[in-house]
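Visitor: Below is the structure I would like to discuss, written out as structure tokens.
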Amino acid sequence: GDLPLAAKRLFDFIGSIVLLGVVSPIFVVAASLIQLTSAGPIFFVHESLGLNKRLFKMYKFRTMIVGAEEKQAALEKFNEATGPVFKIKNDPRITPIGALLRQTSIDELPQLINVLSGEMSLVGPRPLPVRDYRGFNKDWQRRRFSVKPGITCLWQIQGRSSVSFEEWMNLDMEYIDHWSFWQDLKILLLTIPA
């Protein structure tokens with residue numbers, strides 16, 4: 001219904017303002033370290049698919065060297081992820097500061113800006129880069145675009161990188177089918193230790 005969705009949006013709006021206030025010192029430190037240690041912009045802007053497959057620009061702290069996207073094709077043979085996702089353990093494109101930001105998930109904090117602007121939610125299926133979506137071929141996978149993407153989700157608290165692509169999509173469907181305000185709160189609280 002409309003009421004739970006309005007409540008979720010209000011929760012996202014207030015939550016993102018509060019969290020941005022809390023993490024602003026981390027923001028400043030991370031931004032400074034990126035600037036001092038590698039040439040290029042502070043943010044990495046990802047073209048991602050949101051609600052109803054609408055394209056939006058998702059923000060992250062830049063953790064790779066400039067031009068990393070173009071270098072991906074050469075590394076494709078080392079891909080360790082299943083499905084259309086790309087992941088390699090010791091990715092040579094990641095900067096030393098970038099590795100630290102990824103380990104601590106600090107690189108994800110700028111997505112609070114996306115939550116504030118209404119393109120994302122605090123909790124929901126992780127936004128998929130346009131490139132990864134090209135590997136989508138099943139109808140049930142497309143269902144994940146019936147809700148706003150989120151900063152955290154079931155997949156993130158249940159093993160993250162060790163979860164296969166298929167399992168990840170199944171967890172997203174489970175989230176969409178059993179969505180409730182309380183489930184969102186529970187996932188948010190479980191994200192902190194995860």
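Within each chain, counting starts at residue 1; across the structure tokens, chains are named A, B, ... in the order shown, with ligands numbered 1 upward in that order.
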For segment 36-46 of chain A, please output as a ChimeraX atom specification all residues within 7 Å (counting only C-alpha atoms; exclusion window: fewer than 5 positions along the same chain).
Guide: /A:31,57-62,66,129
Visitor: Neighbours of Leu19 of chain A within 10 Å (only C-alpha atoms; same-chain residues fewer than 4 positions away dropped), as a ChimeraX atom specification?
Guide: /A:14-15,23-24,109,112
Visitor: Restricting the output to N, CA, C and O atoms, write the selected residues as a PDB file, in the first residue's frame.
Guide:
ATOM      1  N   ILE A  14      14.785  10.910   6.690  1.00  0.00           N
ATOM      2  CA  ILE A  14      15.309  11.302   8.005  1.00  0.00           C
ATOM      3  C   ILE A  14      16.591  10.519   8.306  1.00  0.00           C
ATOM      4  O   ILE A  14      17.588  11.087   8.749  1.00  0.00           O
ATOM      5  N   GLY A  15      16.557   9.213   8.019  1.00  0.00           N
ATOM      6  CA  GLY A  15      17.721   8.358   8.286  1.00  0.00           C
ATOM      7  C   GLY A  15      18.966   8.814   7.545  1.00  0.00           C
ATOM      8  O   GLY A  15      20.053   8.869   8.117  1.00  0.00           O
ATOM      9  N   VAL A  23      28.320  10.557   9.836  1.00  0.00           N
ATOM     10  CA  VAL A  23      29.523  10.093   9.120  1.00  0.00           C
ATOM     11  C   VAL A  23      30.297  11.213   8.424  1.00  0.00           C
ATOM     12  O   VAL A  23      31.307  10.942   7.782  1.00  0.00           O
ATOM     13  N   SER A  24      29.835  12.467   8.573  1.00  0.00           N
ATOM     14  CA  SER A  24      30.535  13.552   7.873  1.00  0.00           C
ATOM     15  C   SER A  24      32.036  13.621   8.184  1.00  0.00           C
ATOM     16  O   SER A  24      32.833  13.867   7.269  1.00  0.00           O
ATOM     17  N   LEU A 109      29.434   4.862   1.516  1.00  0.00           N
ATOM     18  CA  LEU A 109      28.760   5.956   2.242  1.00  0.00           C
ATOM     19  C   LEU A 109      28.161   7.050   1.351  1.00  0.00           C
ATOM     20  O   LEU A 109      27.093   7.569   1.676  1.00  0.00           O
ATOM     21  N   LEU A 112      24.410   7.548   0.560  1.00  0.00           N
ATOM     22  CA  LEU A 112      23.435   8.243   1.420  1.00  0.00           C
ATOM     23  C   LEU A 112      22.889   9.467   0.688  1.00  0.00           C
ATOM     24  O   LEU A 112      21.751   9.876   0.912  1.00  0.00           O
TER      25      LEU A 112
END
Visitor: Work out how far atom CA of Thr63 of chain A is from atom CA of Ser32 of chain A, in Å to one decimal.
Guide: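 Separating atom CA of Ser32 of chain A from atom CA of Thr63 of chain A is a distance of 12.9 Å.
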Visitor: By how many Å are atom CA of Met169 of chain A and atom CA of Ser146 of chain A apart?
Guide: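 Going from atom CA of Met169 of chain A over to atom CA of Ser146 of chain A, I get 13.5 Å.
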Visitor: Would you pick out the contacts of Asp184 of chain A at 9 Å or less, using only C-alpha atoms, so that residues sharing its chain but fewer than 5 positions from it are not included, and give the list as JSON, numbers by chain?
Guide: {"A": [8, 122, 123, 124, 153, 179, 189]}
Visitor: For each of A:Arg9, A:Lys53, A:Arg102, A:Lys186, take the minimum atom-to-atom distance to Leu154 of chain A, counting only C-alpha atoms, then give the residue where this is smallest.
Guide: A:Lys186
Visitor: Would you please work out which residue, of A:Gly21, A:Leu190, A:Lys148, A:Phe27, is nearest to Ile176 of chain A when using only C-alpha atoms?
Guide: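 Looking only at the distances to Ile176 of chain A, the closest residue turns out to be A:Lys148.
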